[in-house]
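S.K.: Hey, dropping run_26.cif in here, mmCIF, C-alpha atoms (C1' of nucleotides):
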```cif
data_target
#
loop_
_atom_site.label_atom_id
_atom_site.label_comp_id
_atom_site.auth_asym_id
_atom_site.auth_seq_id
_atom_site.Cartn_x
_atom_site.Cartn_y
_atom_site.Cartn_z
CA MET A 1 95.68 -19.76 120.45
CA SER A 2 93.46 -17.72 122.66
CA THR A 3 93.23 -20.55 125.21
CA ILE A 4 96.92 -21.30 125.12
CA SER A 5 97.71 -17.65 125.70
CA LEU A 6 95.12 -17.42 128.45
CA ASN A 7 96.68 -20.31 130.32
CA ARG A 8 100.10 -18.83 129.77
CA ILE A 9 98.98 -15.57 131.33
CA LEU A 10 97.24 -17.22 134.26
CA SER A 11 100.17 -19.45 135.17
CA ASN A 12 102.60 -16.59 134.71
CA VAL A 13 100.64 -14.62 137.27
CA LYS A 14 100.69 -17.48 139.75
CA GLU A 15 104.34 -18.33 139.14
CA ASN A 16 105.25 -14.82 140.07
CA GLY A 17 103.65 -15.22 143.46
CA HIS A 18 100.42 -13.41 142.75
CA LYS A 19 97.06 -14.82 143.74
CA LEU A 20 94.50 -15.67 141.11
CA THR A 21 91.39 -13.90 142.30
CA PRO A 22 88.10 -13.97 140.36
CA GLN A 23 88.55 -10.28 139.59
CA ARG A 24 91.93 -10.88 137.99
CA ARG A 25 90.58 -13.82 136.02
CA TYR A 26 87.68 -11.76 134.71
CA ILE A 27 89.94 -8.92 133.66
CA ILE A 28 92.35 -11.18 131.83
CA GLU A 29 89.63 -13.29 130.21
CA ILE A 30 87.63 -10.32 129.01
CA MET A 31 90.65 -8.53 127.63
CA MET A 32 91.69 -11.63 125.71
CA LYS A 33 88.29 -12.81 124.57
CA ASN A 34 87.09 -9.56 123.11
CA ASN A 35 88.38 -8.52 119.75
CA GLN A 36 88.94 -4.97 120.88
CA GLU A 37 92.67 -4.76 121.07
CA HIS A 38 93.36 -1.63 123.05
CA TRP A 39 91.59 -1.33 126.38
CA SER A 40 91.26 1.69 128.58
CA THR A 41 90.83 1.09 132.28
CA GLU A 42 87.27 2.42 132.13
CA GLU A 43 86.42 0.00 129.33
CA ILE A 44 87.78 -2.96 131.23
CA TYR A 45 85.95 -1.83 134.36
CA ALA A 46 82.61 -1.46 132.54
CA GLU A 47 82.94 -4.87 130.91
CA VAL A 48 83.96 -6.74 134.06
CA LYS A 49 81.20 -5.02 136.03
CA LYS A 50 78.62 -6.81 133.86
CA VAL A 51 79.71 -10.17 135.22
CA CYS A 52 81.17 -9.05 138.55
CA PRO A 53 79.24 -5.97 139.67
CA GLU A 54 81.05 -5.59 142.97
CA ILE A 55 84.42 -4.88 141.37
CA GLY A 56 86.02 -1.52 142.10
CA ILE A 57 87.98 0.46 139.56
CA ALA A 58 91.03 0.48 141.83
CA THR A 59 91.26 -3.27 141.33
CA VAL A 60 91.35 -2.79 137.58
CA TYR A 61 94.14 -0.25 137.91
CA ARG A 62 96.10 -2.50 140.26
CA THR A 63 95.63 -5.52 138.02
CA VAL A 64 96.76 -3.93 134.77
CA GLN A 65 99.70 -2.43 136.64
CA MET A 66 100.69 -5.88 137.89
CA LEU A 67 100.28 -7.41 134.43
CA GLU A 68 102.39 -4.67 132.95
CA GLU A 69 105.14 -5.29 135.49
CA LEU A 70 105.12 -8.95 134.47
CA ASN A 71 105.54 -7.78 130.87
CA LEU A 72 102.28 -9.42 129.95
CA LEU A 73 100.56 -6.18 129.07
CA THR A 74 101.86 -3.28 127.05
CA LYS A 75 100.77 0.20 128.00
CA HIS A 76 100.18 2.74 125.27
CA HIS A 77 99.80 6.50 125.42
CA PHE A 78 98.12 7.15 122.15
CA SER A 79 96.40 10.39 122.82
CA GLU A 80 94.44 12.31 125.39
CA GLY A 81 92.97 11.20 128.58
CA CYS A 82 93.89 7.68 129.39
CA SER A 83 96.38 4.93 128.83
CA ARG A 84 95.45 1.88 126.83
CA TYR A 85 96.56 -1.68 127.35
CA GLU A 86 96.95 -4.69 125.14
CA PHE A 87 98.45 -8.09 125.73
CA ALA A 88 102.06 -8.29 124.65
CA ASP A 89 102.18 -10.81 121.86
CA GLU A 90 105.73 -11.90 121.25
CA THR A 91 104.98 -12.75 117.63
CA LYS A 92 104.17 -9.18 116.76
CA ASN A 93 105.96 -7.37 119.53
CA HIS A 94 108.83 -5.05 118.84
CA ASN A 95 107.44 -4.60 115.40
CA HIS A 96 104.30 -2.98 116.33
CA HIS A 97 102.45 -0.36 114.37
CA HIS A 98 99.33 1.56 115.26
CA ILE A 99 97.19 4.04 113.46
CA VAL A 100 95.21 6.45 115.58
CA CYS A 101 92.35 8.61 114.35
CA THR A 102 92.85 12.10 115.71
CA LYS A 103 89.16 12.77 115.40
CA CYS A 104 87.49 9.80 117.10
CA GLY A 105 90.51 8.33 118.85
CA LYS A 106 90.01 4.90 117.32
CA VAL A 107 93.15 2.77 117.39
CA MET A 108 93.79 0.31 114.59
CA GLU A 109 96.66 -2.08 114.29
CA ILE A 110 98.89 -2.97 111.38
CA GLN A 111 101.24 -5.89 111.29
CA ASP A 112 103.86 -5.23 108.74
CA THR A 113 107.57 -5.35 108.53
CA TYR A 114 108.13 -2.86 105.78
CA PHE A 115 108.13 0.76 106.77
CA ASP A 116 108.81 3.32 104.10
CA GLU A 117 106.20 1.85 101.82
CA LEU A 118 103.99 1.23 104.81
CA GLU A 119 102.60 4.70 104.91
CA ARG A 120 101.51 4.61 101.30
CA HIS A 121 99.83 1.29 101.94
CA ILE A 122 97.95 2.61 104.93
CA GLN A 123 96.77 5.59 102.93
CA ASP A 124 95.62 3.44 100.04
CA ASP A 125 94.50 0.16 101.55
CA MET A 126 92.91 1.44 104.71
CA ASN A 127 91.73 4.79 103.40
CA PHE A 128 93.37 6.42 106.38
CA ASN A 129 94.61 9.93 105.89
CA ILE A 130 97.95 10.12 107.66
CA THR A 131 98.86 13.56 108.93
CA ASN A 132 101.73 12.63 111.20
CA HIS A 133 103.64 9.77 112.69
CA THR A 134 105.98 9.12 115.55
CA VAL A 135 108.44 6.37 116.16
CA THR A 136 109.31 5.91 119.79
CA PHE A 137 111.89 3.61 121.27
CA TYR A 138 111.70 2.70 124.93
CA GLY A 139 114.63 1.48 126.94
CA ILE A 140 117.28 2.35 129.48
CA CYS A 141 119.59 5.25 128.76
CA GLU A 142 123.31 5.45 129.37
CA ASP A 143 122.93 7.38 132.63
CA CYS A 144 120.46 4.93 134.11
CA LYS A 145 122.58 1.82 133.72
CA GLU A 146 124.16 1.44 137.12
CA MET B 1 117.57 29.83 112.03
CA SER B 2 116.30 30.30 115.52
CA THR B 3 115.39 33.94 114.80
CA ILE B 4 113.74 33.15 111.49
CA SER B 5 111.62 30.46 113.10
CA LEU B 6 110.77 32.71 116.04
CA ASN B 7 109.47 35.39 113.72
CA ARG B 8 107.62 32.81 111.71
CA ILE B 9 105.87 31.61 114.85
CA LEU B 10 105.05 35.09 116.10
CA SER B 11 103.57 36.28 112.82
CA ASN B 12 101.68 33.03 112.39
CA VAL B 13 100.02 33.65 115.74
CA LYS B 14 99.06 37.19 114.78
CA GLU B 15 97.91 36.25 111.30
CA ASN B 16 95.50 33.80 112.79
CA GLY B 17 93.83 36.56 114.76
CA HIS B 18 95.46 35.88 118.11
CA LYS B 19 96.95 38.64 120.21
CA LEU B 20 100.61 38.68 121.01
CA THR B 21 100.68 39.06 124.76
CA PRO B 22 103.91 39.15 126.78
CA GLN B 23 103.01 35.77 128.27
CA ARG B 24 102.71 34.18 124.85
CA ARG B 25 105.96 35.77 123.73
CA TYR B 26 107.77 34.47 126.78
CA ILE B 27 106.46 30.96 126.31
CA ILE B 28 107.42 30.83 122.64
CA GLU B 29 110.82 32.44 123.15
CA ILE B 30 111.76 30.21 126.04
CA MET B 31 110.68 27.07 124.29
CA MET B 32 112.70 27.99 121.21
CA LYS B 33 115.77 29.42 122.92
CA ASN B 34 116.42 26.55 125.26
CA ASN B 35 118.04 23.43 123.94
CA GLN B 36 115.63 21.18 125.77
CA GLU B 37 113.48 19.85 123.01
CA HIS B 38 110.48 18.37 124.76
CA TRP B 39 108.69 20.60 127.22
CA SER B 40 106.12 19.67 129.77
CA THR B 41 103.64 22.32 130.81
CA GLU B 42 105.17 22.44 134.29
CA GLU B 43 108.63 23.01 132.83
CA ILE B 44 107.44 25.85 130.64
CA TYR B 45 105.57 27.34 133.57
CA ALA B 46 108.60 27.19 135.88
CA GLU B 47 110.85 28.75 133.26
CA VAL B 48 108.51 31.57 132.30
CA LYS B 49 107.82 32.29 135.96
CA LYS B 50 111.47 33.33 136.39
CA VAL B 51 111.00 36.27 134.06
CA CYS B 52 107.25 36.77 134.44
CA PRO B 53 106.32 35.71 137.98
CA GLU B 54 102.66 36.66 137.69
CA ILE B 55 101.93 34.07 135.01
CA GLY B 56 99.36 31.39 135.81
CA ILE B 57 99.66 27.82 134.70
CA ALA B 58 96.28 28.04 132.95
CA THR B 59 97.85 30.53 130.54
CA VAL B 60 100.56 28.03 129.70
CA TYR B 61 97.98 25.35 129.03
CA ARG B 62 95.91 27.69 126.89
CA THR B 63 98.92 28.89 124.94
CA VAL B 64 100.32 25.48 124.05
CA GLN B 65 96.82 24.41 123.10
CA MET B 66 96.50 27.37 120.76
CA LEU B 67 99.96 26.72 119.27
CA GLU B 68 99.06 23.11 118.73
CA GLU B 69 95.85 24.06 116.93
CA LEU B 70 97.93 26.27 114.64
CA ASN B 71 100.12 23.22 113.96
CA LEU B 72 103.11 25.05 115.34
CA LEU B 73 103.59 22.69 118.26
CA THR B 74 103.50 18.94 118.30
CA LYS B 75 102.12 17.23 121.35
CA HIS B 76 103.69 13.98 122.51
CA HIS B 77 102.50 11.37 124.96
CA PHE B 78 105.73 9.63 125.71
CA SER B 79 104.98 8.12 129.06
CA GLU B 80 103.34 8.78 132.37
CA GLY B 81 101.98 11.90 133.79
CA CYS B 82 102.08 14.70 131.30
CA SER B 83 102.15 15.61 127.66
CA ARG B 84 105.25 17.12 126.13
CA TYR B 85 105.46 19.71 123.41
CA GLU B 86 108.02 20.63 120.81
CA PHE B 87 107.95 23.01 117.91
CA ALA B 88 106.99 21.32 114.68
CA ASP B 89 109.99 21.68 112.41
CA GLU B 90 109.02 20.96 108.85
CA THR B 91 112.55 19.88 108.01
CA LYS B 92 112.43 16.95 110.40
CA ASN B 93 108.71 16.47 110.75
CA HIS B 94 106.99 13.32 109.61
CA ASN B 95 110.29 11.58 110.03
CA HIS B 96 110.64 11.92 113.66
CA HIS B 97 112.22 9.48 116.04
CA HIS B 98 112.46 9.62 119.79
CA ILE B 99 114.12 7.49 122.40
CA VAL B 100 112.64 7.55 125.86
CA CYS B 101 114.34 6.23 128.98
CA THR B 102 111.80 4.20 130.92
CA LYS B 103 113.72 4.78 134.12
CA CYS B 104 114.28 8.55 134.20
CA GLY B 105 111.86 9.60 131.48
CA LYS B 106 114.50 11.49 129.53
CA VAL B 107 113.55 12.05 125.90
CA MET B 108 116.26 12.13 123.27
CA GLU B 109 115.83 12.77 119.60
CA ILE B 110 117.30 11.06 116.58
CA GLN B 111 117.17 12.41 113.09
CA ASP B 112 117.59 9.58 110.71
CA THR B 113 115.87 8.29 107.68
CA TYR B 114 116.88 4.67 107.90
CA PHE B 115 114.86 2.51 110.21
CA ASP B 116 115.72 -1.16 110.34
CA GLU B 117 119.35 -0.44 110.97
CA LEU B 118 118.36 2.44 113.18
CA GLU B 119 117.81 0.35 116.24
CA ARG B 120 121.23 -1.21 116.07
CA HIS B 121 122.74 2.24 115.70
CA ILE B 122 120.91 3.56 118.73
CA GLN B 123 122.06 0.61 120.78
CA ASP B 124 125.66 1.02 119.69
CA ASP B 125 126.20 4.71 119.15
CA MET B 126 124.08 6.07 121.96
CA ASN B 127 124.56 3.23 124.42
CA PHE B 128 120.83 3.08 124.85
CA ASN B 129 119.35 -0.27 125.71
CA ILE B 130 116.18 -0.60 123.67
CA THR B 131 113.52 -2.79 125.21
CA ASN B 132 110.57 -1.82 123.05
CA HIS B 133 109.42 0.51 120.35
CA THR B 134 106.18 1.80 118.94
CA VAL B 135 105.38 3.36 115.63
CA THR B 136 102.25 5.43 115.65
CA PHE B 137 100.57 7.10 112.73
CA TYR B 138 98.12 9.90 113.34
CA GLY B 139 95.45 10.92 110.91
CA ILE B 140 91.80 10.78 110.00
CA CYS B 141 90.17 7.39 109.61
CA GLU B 142 87.70 6.31 106.97
CA ASP B 143 84.68 6.78 109.23
CA CYS B 144 85.63 10.31 110.21
CA LYS B 145 85.90 11.71 106.71
CA GLU B 146 82.53 13.35 106.16
"C1'" DA C 1 86.49 51.06 123.08
"C1'" DT C 2 86.16 46.39 122.12
"C1'" DC C 3 86.90 41.86 122.65
"C1'" DA C 4 90.45 38.52 123.47
"C1'" DC C 5 93.40 37.28 127.21
"C1'" DT C 6 94.86 36.79 131.96
"C1'" DG C 7 95.13 34.97 136.84
"C1'" DC C 8 92.78 32.79 140.22
"C1'" DA C 9 90.13 29.29 142.18
"C1'" DA C 10 87.07 25.80 141.59
"C1'" DA C 11 85.91 21.84 138.76
"C1'" DC C 12 86.98 17.80 136.37
"C1'" DT C 13 89.30 13.45 134.98
"C1'" DA C 14 92.59 9.84 135.40
"C1'" DT C 15 95.07 7.44 138.68
"C1'" DT C 16 96.91 6.20 143.34
"C1'" DT C 17 96.75 5.27 148.18
"C1'" DG C 18 95.26 4.09 153.14
"C1'" DC C 19 92.63 1.12 155.49
"C1'" DA C 20 89.67 -2.36 157.43
"C1'" DA C 21 87.25 -6.35 155.85
"C1'" DA C 22 87.42 -10.48 152.83
"C1'" DA C 23 89.45 -14.32 150.68
"C1'" DA C 24 93.33 -17.06 148.36
"C1'" DG C 25 96.73 -20.45 149.21
"C1'" DC D 1 96.14 -19.05 159.60
"C1'" DT D 2 98.90 -15.79 157.14
"C1'" DT D 3 99.46 -12.63 153.78
"C1'" DT D 4 97.64 -10.69 149.69
"C1'" DT D 5 93.88 -8.59 147.68
"C1'" DT D 6 89.66 -6.19 147.58
"C1'" DG D 7 86.25 -2.19 147.71
"C1'" DC D 8 85.56 2.06 149.30
"C1'" DA D 9 86.63 6.72 149.97
"C1'" DA D 10 89.86 10.11 150.25
"C1'" DA D 11 94.02 11.95 148.13
"C1'" DT D 12 96.84 13.30 144.22
"C1'" DA D 13 98.17 14.94 139.65
"C1'" DG D 14 97.34 16.84 135.25
"C1'" DT D 15 94.31 19.70 132.84
"C1'" DT D 16 90.15 22.58 131.96
"C1'" DT D 17 86.77 26.06 132.90
"C1'" DG D 18 84.03 30.20 134.79
"C1'" DC D 19 84.56 34.63 135.79
"C1'" DA D 20 85.72 39.30 136.73
"C1'" DG D 21 89.40 42.26 135.82
"C1'" DT D 22 93.27 43.60 132.42
"C1'" DG D 23 95.37 44.76 128.26
"C1'" DA D 24 96.43 44.37 122.99
"C1'" DT D 25 94.99 46.29 118.89
#
```
In structure tokens, write the structure found in this file.
M.R.:
Amino acid sequence: MSTISLNRILSNVKENGHKLTPQRRYIIEIMMKNNQEHWSTEEIYAEVKKVCPEIGIATVYRTVQMLEELNLLTKHHFSEGCSRYEFADETKNHNHHHIVCTKCGKVMEIQDTYFDELERHIQDDMNFNITNHTVTFYGICEDCKE
Amino acid sequence: MSTISLNRILSNVKENGHKLTPQRRYIIEIMMKNNQEHWSTEEIYAEVKKVCPEIGIATVYRTVQMLEELNLLTKHHFSEGCSRYEFADETKNHNHHHIVCTKCGKVMEIQDTYFDELERHIQDDMNFNITNHTVTFYGICEDCKE
DNA sequence: ATCACTGCAAACTATTTGCAAAAAG
DNA sequence: CTTTTTGCAAATAGTTTGCAGTGAT
């Protein structure tokens, strides 16, 4: 699954006329390999630097931006400071729930289709004390359709 | 309703040991009076400046931060650039849906309790082309409870 | 009169951009 | 060989902070 997805990503990048540089490979591989789901740019940078010390953070920013434009990455704005990225997985996409700790900022993921009961389950099963939630839809509004 | 809430906010600020300065009054009044629901700091600043030209943007930042700590304002991270604030209304809170145009950044609000059907309704009734959605729960995680 | 609050400017953090050198195709 | 991409450093944008003066209670 991981390998299949990796190849899918890599060929998608090439097919869209982008070059496959070592830096881009490293970024994609590390983001997919590691079990941490939601990456900040700093985290990606630090991790890639271990294996490719010459990389600059601008490259990380440009790469995630490119991947987002190809709809391969999803950008999240959970809380303060920085955006976080995760690979868009079509199996779970568009039905995508997150729980965010307002104290430590940790982001956890839930994959469920129910919703009203969901909250109770999170409280009970995950021992997560929900204080608030937001549901946000992204899209193109009436005025912006040309 | 507007007046009741305004007084509620103002006394809440005082009761918590904070002083009611003209700047704070202006910020609260303007945010409540205007029909625009989701305010960026720049927008608040520009609006207050019309009636109180000497205000500094740091005061706006400090005020919304204070109001957020009192749980009077809710902070949102809809998309790029800046946070947006709206008054926490207990009647609609915790059941709070937003639609965000990814082209112009406009934020619109929906007040509904249904959810699965909701998306279809937004598409049809509001002529808003949904491309993605996120559901985010905020709270305190297991590790952070002391 | 006291202590919180303000405005200003400087500091800080996340992100973007210009550019010359490097490298992918 | 051409055109994209890179790393660096400088620029930008949003937000925070230090500080001396101001003002609410």
S.K.: Please expand the PyMOL selection byres ((chain D) within 8 of (chain A)) into the concrete residues it hits in this file, giving the result as a ChimeraX atom specification.
M.R.: /D:4-7
S.K.: The selected residues should be written to file as a CSV table (one decimal), in the coordinates of the input (atoms: C-alpha atoms (C1' of nucleotides)).
M.R.:
```csv
chain,number,residue,atom,x,y,z
D,4,DT,C1',97.6,-10.7,149.7
D,5,DT,C1',93.9,-8.6,147.7
D,6,DT,C1',89.7,-6.2,147.6
D,7,DG,C1',86.2,-2.2,147.7
```
S.K.: To test your reading of the syntax: which residues would the PyMOL selection byres ((chain C and resi 12-23) around 8) return for the file shown? Reply as a list in words.
M.R.: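 Residues picked by the PyMOL selection byres ((chain C and resi 12-23) around 8): Tyr61, Gly81 and Cys82 of chain A; DA11 and DA24 of chain C; DT5, DT6, DA11, DT12 and DT16 of chain D.
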S.K.: For the atom pair CA of Leu72 (chain B) and CA of Ile27 (chain B), what is the interatomic distance in Å to one decimal place?
M.R.: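 Result for CA of Leu72 (chain B) versus CA of Ile27 (chain B): 12.9 Å, one decimal.
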S.K.: I'd like to know which of A:Val60, A:Ile130, A:Cys144, A:Leu67 is closest to chain C, using all atoms listed in the file.
M.R.: A:Val60
S.K.: Could you please determine the separation between CA of Arg8 (chain B) and CA of Phe87 (chain B) in Å, to one decimal place?
M.R.: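 Interatomic distance here is 11.6 Å.
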S.K.: If you measure from CA of Asn132 (chain B) to CA of Thr136 (chain A), what distance in Å do you get, rounded to one decimal?
M.R.: 8.5 Å
S.K.: Rank B:Glu47, B:Tyr26, B:Thr63, B:Lys75 by their smallest atom-to-atom distance to DC5 (chain C), using all atoms listed in the file, and report the top residue only.
M.R.: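 Under the stated criterion, the closest residue is B:Thr63.
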